$ cat input-v1.cif   # mmCIF, C-alpha atoms
data_target
#
loop_
_atom_site.label_atom_id
_atom_site.label_comp_id
_atom_site.auth_asym_id
_atom_site.auth_seq_id
_atom_site.Cartn_x
_atom_site.Cartn_y
_atom_site.Cartn_z
CA MET O 1 9.23 24.53 25.00
CA ASN O 2 8.71 22.23 27.95
CA ALA O 3 8.94 18.45 28.17
CA ALA O 4 5.17 17.98 28.34
CA LYS O 5 4.67 19.75 25.01
CA ARG O 6 7.41 17.71 23.36
CA LEU O 7 5.87 14.51 24.66
CA GLU O 8 2.48 15.47 23.24
CA ILE O 9 3.97 16.50 19.88
CA PHE O 10 5.66 13.15 19.33
CA THR O 11 2.66 11.28 20.69
CA ARG O 12 0.56 12.92 17.97
CA PHE O 13 3.16 12.21 15.28
CA ARG O 14 3.18 8.53 16.27
CA ALA O 15 -0.60 8.30 16.38
CA ALA O 16 -0.84 9.74 12.86
CA ASN O 17 2.03 7.68 11.43
CA PRO O 18 3.03 4.75 13.66
CA SER O 19 5.75 3.39 11.36
CA PRO O 20 7.34 6.25 9.43
CA LYS O 21 9.73 5.31 6.63
CA THR O 22 12.26 7.07 4.45
CA GLU O 23 10.91 8.04 1.03
CA LEU O 24 14.06 6.72 -0.62
CA ASP O 25 13.64 3.34 -2.33
CA TYR O 26 15.99 0.61 -1.09
CA THR O 27 16.05 -3.07 -0.17
CA THR O 28 19.51 -3.46 1.43
CA PRO O 29 21.78 -1.32 3.63
CA PHE O 30 24.07 -0.80 0.62
CA GLU O 31 21.22 0.43 -1.58
CA LEU O 32 20.21 2.82 1.21
CA LEU O 33 23.76 4.09 1.62
CA ILE O 34 24.09 4.86 -2.08
CA ALA O 35 20.62 6.45 -2.25
CA VAL O 36 21.39 8.73 0.70
CA LEU O 37 24.77 9.63 -0.76
CA LEU O 38 23.06 10.56 -4.03
CA SER O 39 20.33 12.56 -2.25
CA ALA O 40 22.62 15.40 -1.12
CA GLN O 41 21.21 18.61 -2.66
CA ALA O 42 18.70 16.50 -4.60
CA THR O 43 15.14 15.33 -4.05
CA ASP O 44 14.20 11.81 -3.04
CA VAL O 45 12.02 11.67 -6.14
CA SER O 46 14.97 12.33 -8.44
CA VAL O 47 17.13 9.78 -6.63
CA ASN O 48 14.43 7.10 -6.78
CA LYS O 49 13.97 7.73 -10.50
CA ALA O 50 17.67 7.06 -11.08
CA THR O 51 18.07 4.09 -8.74
CA ARG O 52 15.03 2.33 -10.22
CA VAL O 53 17.08 2.07 -13.41
CA LEU O 54 20.49 1.58 -11.76
CA TYR O 55 19.75 -1.05 -9.09
CA PRO O 56 18.34 -3.74 -11.42
CA VAL O 57 21.69 -3.54 -13.25
CA ALA O 58 24.06 -2.93 -10.33
CA ASN O 59 23.12 -2.93 -6.65
CA THR O 60 26.25 -4.27 -4.92
CA PRO O 61 29.68 -2.70 -4.40
CA ALA O 62 31.28 -5.10 -6.88
CA LYS O 63 28.69 -4.53 -9.60
CA ILE O 64 28.73 -0.74 -9.29
CA LEU O 65 32.53 -0.70 -9.18
CA ALA O 66 32.53 -2.72 -12.41
CA LEU O 67 30.49 0.01 -14.10
CA GLY O 68 33.19 2.60 -13.61
CA VAL O 69 32.69 6.33 -13.10
CA ASP O 70 31.51 7.21 -16.61
CA GLU O 71 28.90 4.49 -16.93
CA LEU O 72 27.62 5.08 -13.40
CA ALA O 73 27.37 8.80 -14.21
CA SER O 74 25.14 7.98 -17.17
CA TYR O 75 22.63 6.36 -14.80
CA ILE O 76 22.55 9.26 -12.34
CA ARG O 77 23.00 12.26 -14.65
CA THR O 78 19.52 13.59 -13.78
CA ILE O 79 20.68 14.10 -10.17
CA GLY O 80 22.49 17.26 -9.13
CA LEU O 81 26.30 17.05 -8.86
CA PHE O 82 26.16 13.66 -10.57
CA ARG O 83 29.80 13.61 -11.70
CA THR O 84 31.17 14.22 -8.22
CA LYS O 85 28.69 11.76 -6.75
CA ALA O 86 29.65 9.09 -9.30
CA LYS O 87 33.31 9.43 -8.28
CA ASN O 88 32.39 9.22 -4.59
CA VAL O 89 30.17 6.17 -5.10
CA ILE O 90 32.88 4.32 -7.03
CA ALA O 91 35.48 5.18 -4.36
CA THR O 92 33.06 4.12 -1.63
CA CYS O 93 32.44 0.77 -3.33
CA GLN O 94 36.17 0.15 -3.56
CA ILE O 95 36.65 0.85 0.15
CA LEU O 96 33.70 -1.37 1.09
CA LEU O 97 35.21 -4.25 -0.87
CA GLU O 98 38.78 -3.73 0.35
CA GLN O 99 38.12 -2.91 4.00
CA HIS O 100 34.66 -4.23 4.91
CA GLY O 101 34.14 -7.39 2.90
CA GLY O 102 31.62 -5.64 0.68
CA GLU O 103 29.32 -4.91 3.63
CA VAL O 104 28.14 -1.54 4.92
CA PRO O 105 29.81 -0.85 8.28
CA ARG O 106 27.54 -0.19 11.24
CA ASP O 107 29.76 2.26 13.13
CA ARG O 108 29.92 6.01 12.61
CA ALA O 109 33.69 6.31 12.18
CA SER O 110 33.79 3.76 9.35
CA LEU O 111 30.76 5.28 7.63
CA GLU O 112 32.12 8.83 7.80
CA ALA O 113 35.43 7.60 6.36
CA LEU O 114 33.64 6.77 3.10
CA PRO O 115 33.91 9.39 0.31
CA GLY O 116 30.90 11.69 0.22
CA VAL O 117 29.50 10.38 3.50
CA GLY O 118 29.14 13.00 6.20
CA ARG O 119 27.55 12.92 9.62
CA LYS O 120 24.00 13.30 8.30
CA THR O 121 24.35 10.42 5.82
CA ALA O 122 25.93 8.24 8.51
CA ASN O 123 23.05 9.04 10.87
CA VAL O 124 20.47 8.06 8.26
CA VAL O 125 22.17 4.73 7.54
CA MET O 126 22.69 3.94 11.23
CA ASN O 127 19.06 4.74 12.01
CA THR O 128 17.21 3.37 9.00
CA ALA O 129 19.35 0.35 8.15
CA PHE O 130 20.56 -0.64 11.61
CA GLY O 131 17.95 0.74 14.03
CA GLU O 132 20.20 3.12 15.95
CA PRO O 133 18.49 6.11 17.67
CA THR O 134 20.38 8.73 15.67
CA MET O 135 19.17 12.12 14.48
CA ALA O 136 19.97 13.09 10.90
CA VAL O 137 19.41 16.85 10.81
CA ASP O 138 18.65 18.05 7.29
CA THR O 139 17.18 21.40 6.24
CA HIS O 140 13.65 20.25 7.08
CA ILE O 141 14.52 19.09 10.60
CA PHE O 142 16.63 22.18 11.23
CA ARG O 143 13.73 24.43 10.21
CA VAL O 144 11.05 22.52 12.13
CA SER O 145 13.18 22.27 15.27
CA ASN O 146 13.81 26.02 15.31
CA ARG O 147 10.41 27.20 14.13
CA THR O 148 8.39 25.08 16.53
CA GLY O 149 10.76 25.47 19.47
CA ILE O 150 11.24 21.71 19.85
CA ALA O 151 15.04 22.05 19.70
CA PRO O 152 16.26 25.50 18.62
CA GLY O 153 19.89 25.93 17.65
CA LYS O 154 22.15 28.06 15.47
CA ASN O 155 23.57 25.13 13.51
CA VAL O 156 22.77 21.50 12.70
CA ASP O 157 25.16 20.12 15.32
CA ILE O 158 23.46 22.04 18.13
CA VAL O 159 20.01 21.02 16.89
CA GLU O 160 21.10 17.37 16.66
CA GLN O 161 22.41 17.34 20.22
CA LYS O 162 19.30 19.09 21.56
CA LEU O 163 16.99 16.66 19.79
CA LEU O 164 18.90 13.69 21.20
CA LYS O 165 18.55 15.28 24.64
CA PHE O 166 14.95 16.53 24.48
CA VAL O 167 13.04 13.97 22.39
CA PRO O 168 11.54 11.36 24.75
CA LYS O 169 13.49 8.10 24.46
CA GLU O 170 10.52 6.06 23.24
CA PHE O 171 10.28 8.29 20.15
CA LEU O 172 13.97 8.67 19.29
CA HIS O 173 14.19 5.93 16.67
CA ASP O 174 11.41 7.40 14.51
CA ALA O 175 11.71 11.08 15.41
CA HIS O 176 13.84 12.16 12.46
CA HIS O 177 11.39 10.61 9.98
CA TRP O 178 8.43 12.39 11.58
CA LEU O 179 10.25 15.72 11.61
CA ILE O 180 11.40 15.39 7.98
CA LEU O 181 7.90 14.52 6.78
CA HIS O 182 6.39 17.34 8.83
CA GLY O 183 8.85 19.81 7.32
CA ARG O 184 8.41 18.46 3.81
CA TYR O 185 4.62 18.50 3.68
CA THR O 186 3.24 20.75 6.46
CA CYS O 187 5.84 23.03 8.06
CA THR O 188 7.19 24.07 4.68
CA ALA O 189 9.90 26.69 4.23
CA ARG O 190 8.12 29.60 2.58
CA LYS O 191 4.57 29.21 3.83
CA PRO O 192 3.93 26.69 6.60
CA GLN O 193 0.44 25.18 6.53
CA CYS O 194 -0.30 26.12 10.12
CA TRP O 195 -4.06 25.83 9.55
CA ASN O 196 -3.55 22.16 8.64
CA CYS O 197 -0.97 21.28 11.31
CA MET O 198 -1.61 18.64 13.96
CA ILE O 199 0.71 20.36 16.45
CA ALA O 200 -0.21 24.02 15.80
CA ASP O 201 -1.56 24.46 19.33
CA LEU O 202 1.74 23.23 20.80
CA CYS O 203 4.08 25.10 18.45
CA ASP O 204 5.99 28.20 19.59
CA TYR O 205 5.98 29.82 16.12
CA LYS O 206 4.51 33.31 16.51
CA ASP O 207 3.58 34.17 12.92
CA LYS O 208 1.31 31.25 12.13
CA SER O 209 -0.04 31.23 8.57
CA PRO O 210 -3.81 31.77 8.29
CA MET O 211 -5.95 29.53 6.14
CA PRO O 212 -5.95 30.81 2.56
CA ALA O 213 -9.10 32.51 1.38
CA VAL O 214 -11.27 30.29 -0.80
CA VAL O 215 -11.31 31.60 -4.37
#

$ encode --input "input-v1.cif" --output "structure tokens"
Amino acid sequence: MNAAKRLEIFTRFRAANPSPKTELDYTTPFELLIAVLLSAQATDVSVNKATRVLYPVANTPAKILALGVDELASYIRTIGLFRTKAKNVIATCQILLEQHGGEVPRDRASLEALPGVGRKTANVVMNTAFGEPTMAVDTHIFRVSNRTGIAPGKNVDIVEQKLLKFVPKEFLHDAHHWLILHGRYTCTARKPQCWNCMIADLCDYKDKSPMPAVV
């Protein structure tokens, strides 16, 4: 795919959704960090359902730490891997209090040093909470990048680096939101809705899905 096509793709994404947002509910960088940590191998819907009950009770490192692992687990038990995530969240809260004054650090190294926080989670927090032009490559972005030809790569690290290189600078801040939403609702895994896709004419995918027959 050439630069002109990429420019047009992101121009269309921006025109359709000028201010894309994460679908995770949060009001502070800490709430976002915990929501993203909980979202690994879980849906945003399931995370939001849990945090809507949890955050009114505990939404700071000190308050969540005071709950302890077992009580925190009771709030998030509807989320996959909730026991492991509860342990990671409690450990993360302790580190935030001991090493960062209870604040979420803005740098990658400090974020990735937190239990349960990998590169993708750090990228989401840096981008969404602090406005950094990072690229959090999840399964949706990996699929869309490869299927469309925007930034093909054999693994998430290669796709991330290609996106950072190929996405026009003016679109970098919002690009990962547009790509996630496109993968979640249009360029879906099993049967992409190519007939309803705003970038179908620019996409390199050969086996485009036809419009379903009306029953």

$ closest_residue --input "input-v1.cif" --among "O:Thr28, O:Asn17, O:Thr84, O:Asn2" --to "O:Leu72" --atoms "all atoms listed in the file"
O:Thr84

$ residues_near_point --input "input-v1.cif" --point "(27.1, 11.3, -8.0)" --cutoff "10 Å" --atoms "only C-alpha atoms" --output "number ranges by chain"
O: 34-35, 37-40, 69, 72-90, 116

$ closest_atom_pairs --input "input-v1.cif" --of "stretch 193-214 of chain O" --to "stretch 142-145 of chain O" --cutoff "12 Å" --atoms "all atoms listed in the file" --output "tab-separated table"
residue	atom	partner	partner_atom	distance
O:Ile199	CA	O:Val144	CA	11.4
O:Ala200	CA	O:Val144	CA	11.9
O:Cys203	CA	O:Val144	CA	9.8
O:Asp204	CA	O:Ser145	CA	10.3
O:Tyr205	CA	O:Val144	CA	9.7

$ closest_residue --input "input-v1.cif" --among "O:Trp178, O:Phe171, O:Phe10, O:Phe130" --to "O:Leu32" --atoms "all atoms listed in the file"
O:Phe130

$ residues_around --input "input-v1.cif" --residues "stretch 120-123 of chain O" --least-positions-apart "6" --cutoff "6 Å" --atoms "all atoms listed in the file" --output "list of chain:residue names"
O:Leu111, O:Thr134, O:Ala136

$ residues_around --input "input-v1.cif" --residues "stretch 151-163 of chain O" --least-positions-apart "3" --cutoff "10 Å" --atoms "all atoms listed in the file" --output "list in words"
Met1, Arg6, Arg119, Lys120, Thr134, Met135, Ala136, Val137, Asp138, Thr139, Ile141, Phe142, Arg143, Val144, Ser145, Asn146, Arg147, Thr148, Phe166, Val167, Pro168, Leu172, Ala175 and His176 of chain O

$ write_last_selection --input "input-v1.cif" --atoms "C-alpha atoms" --output "mmCIF file, keeping the file's coordinate frame"
data_model
loop_
_atom_site.group_PDB
_atom_site.id
_atom_site.type_symbol
_atom_site.label_atom_id
_atom_site.label_comp_id
_atom_site.auth_asym_id
_atom_site.auth_seq_id
_atom_site.Cartn_x
_atom_site.Cartn_y
_atom_site.Cartn_z
ATOM 1 C CA MET O 1 9.230 24.530 25.000
ATOM 2 C CA ARG O 6 7.410 17.710 23.360
ATOM 3 C CA ARG O 119 27.550 12.920 9.620
ATOM 4 C CA LYS O 120 24.000 13.300 8.300
ATOM 5 C CA THR O 134 20.380 8.730 15.670
ATOM 6 C CA MET O 135 19.170 12.120 14.480
ATOM 7 C CA ALA O 136 19.970 13.090 10.900
ATOM 8 C CA VAL O 137 19.410 16.850 10.810
ATOM 9 C CA ASP O 138 18.650 18.050 7.290
ATOM 10 C CA THR O 139 17.180 21.400 6.240
ATOM 11 C CA ILE O 141 14.520 19.090 10.600
ATOM 12 C CA PHE O 142 16.630 22.180 11.230
ATOM 13 C CA ARG O 143 13.730 24.430 10.210
ATOM 14 C CA VAL O 144 11.050 22.520 12.130
ATOM 15 C CA SER O 145 13.180 22.270 15.270
ATOM 16 C CA ASN O 146 13.810 26.020 15.310
ATOM 17 C CA ARG O 147 10.410 27.200 14.130
ATOM 18 C CA THR O 148 8.390 25.080 16.530
ATOM 19 C CA PHE O 166 14.950 16.530 24.480
ATOM 20 C CA VAL O 167 13.040 13.970 22.390
ATOM 21 C CA PRO O 168 11.540 11.360 24.750
ATOM 22 C CA LEU O 172 13.970 8.670 19.290
ATOM 23 C CA ALA O 175 11.710 11.080 15.410
ATOM 24 C CA HIS O 176 13.840 12.160 12.460
#

$ build_atoms --input "input-v1.cif" --residues "stretch 28-39 of chain O" --atoms "N, CA and C atoms" --output "tab-separated table (two decimals), keeping the file's coordinate frame"
chain	number	residue	atom	x	y	z
O	28	THR	N	18.37	-3.01	0.62
O	28	THR	CA	19.51	-3.46	1.43
O	28	THR	C	20.21	-2.24	2.03
O	29	PRO	N	21.02	-2.44	3.08
O	29	PRO	CA	21.78	-1.32	3.63
O	29	PRO	C	22.66	-0.64	2.59
O	30	PHE	N	23.22	-1.40	1.65
O	30	PHE	CA	24.07	-0.80	0.62
O	30	PHE	C	23.24	0.09	-0.30
O	31	GLU	N	22.07	-0.40	-0.73
O	31	GLU	CA	21.22	0.43	-1.58
O	31	GLU	C	20.82	1.72	-0.86
O	32	LEU	N	20.55	1.62	0.44
O	32	LEU	CA	20.21	2.82	1.21
O	32	LEU	C	21.39	3.77	1.27
O	33	LEU	N	22.57	3.25	1.55
O	33	LEU	CA	23.76	4.09	1.62
O	33	LEU	C	23.96	4.87	0.33
O	34	ILE	N	23.87	4.19	-0.80
O	34	ILE	CA	24.09	4.86	-2.08
O	34	ILE	C	22.98	5.88	-2.35
O	35	ALA	N	21.74	5.52	-2.03
O	35	ALA	CA	20.62	6.45	-2.25
O	35	ALA	C	20.79	7.71	-1.42
O	36	VAL	N	21.20	7.56	-0.16
O	36	VAL	CA	21.39	8.73	0.70
O	36	VAL	C	22.56	9.57	0.21
O	37	LEU	N	23.63	8.91	-0.22
O	37	LEU	CA	24.77	9.63	-0.76
O	37	LEU	C	24.36	10.45	-1.98
O	38	LEU	N	23.52	9.86	-2.83
O	38	LEU	CA	23.06	10.56	-4.03
O	38	LEU	C	22.08	11.69	-3.72
O	39	SER	N	21.42	11.62	-2.56
O	39	SER	CA	20.33	12.56	-2.25
O	39	SER	C	20.82	13.92	-1.79
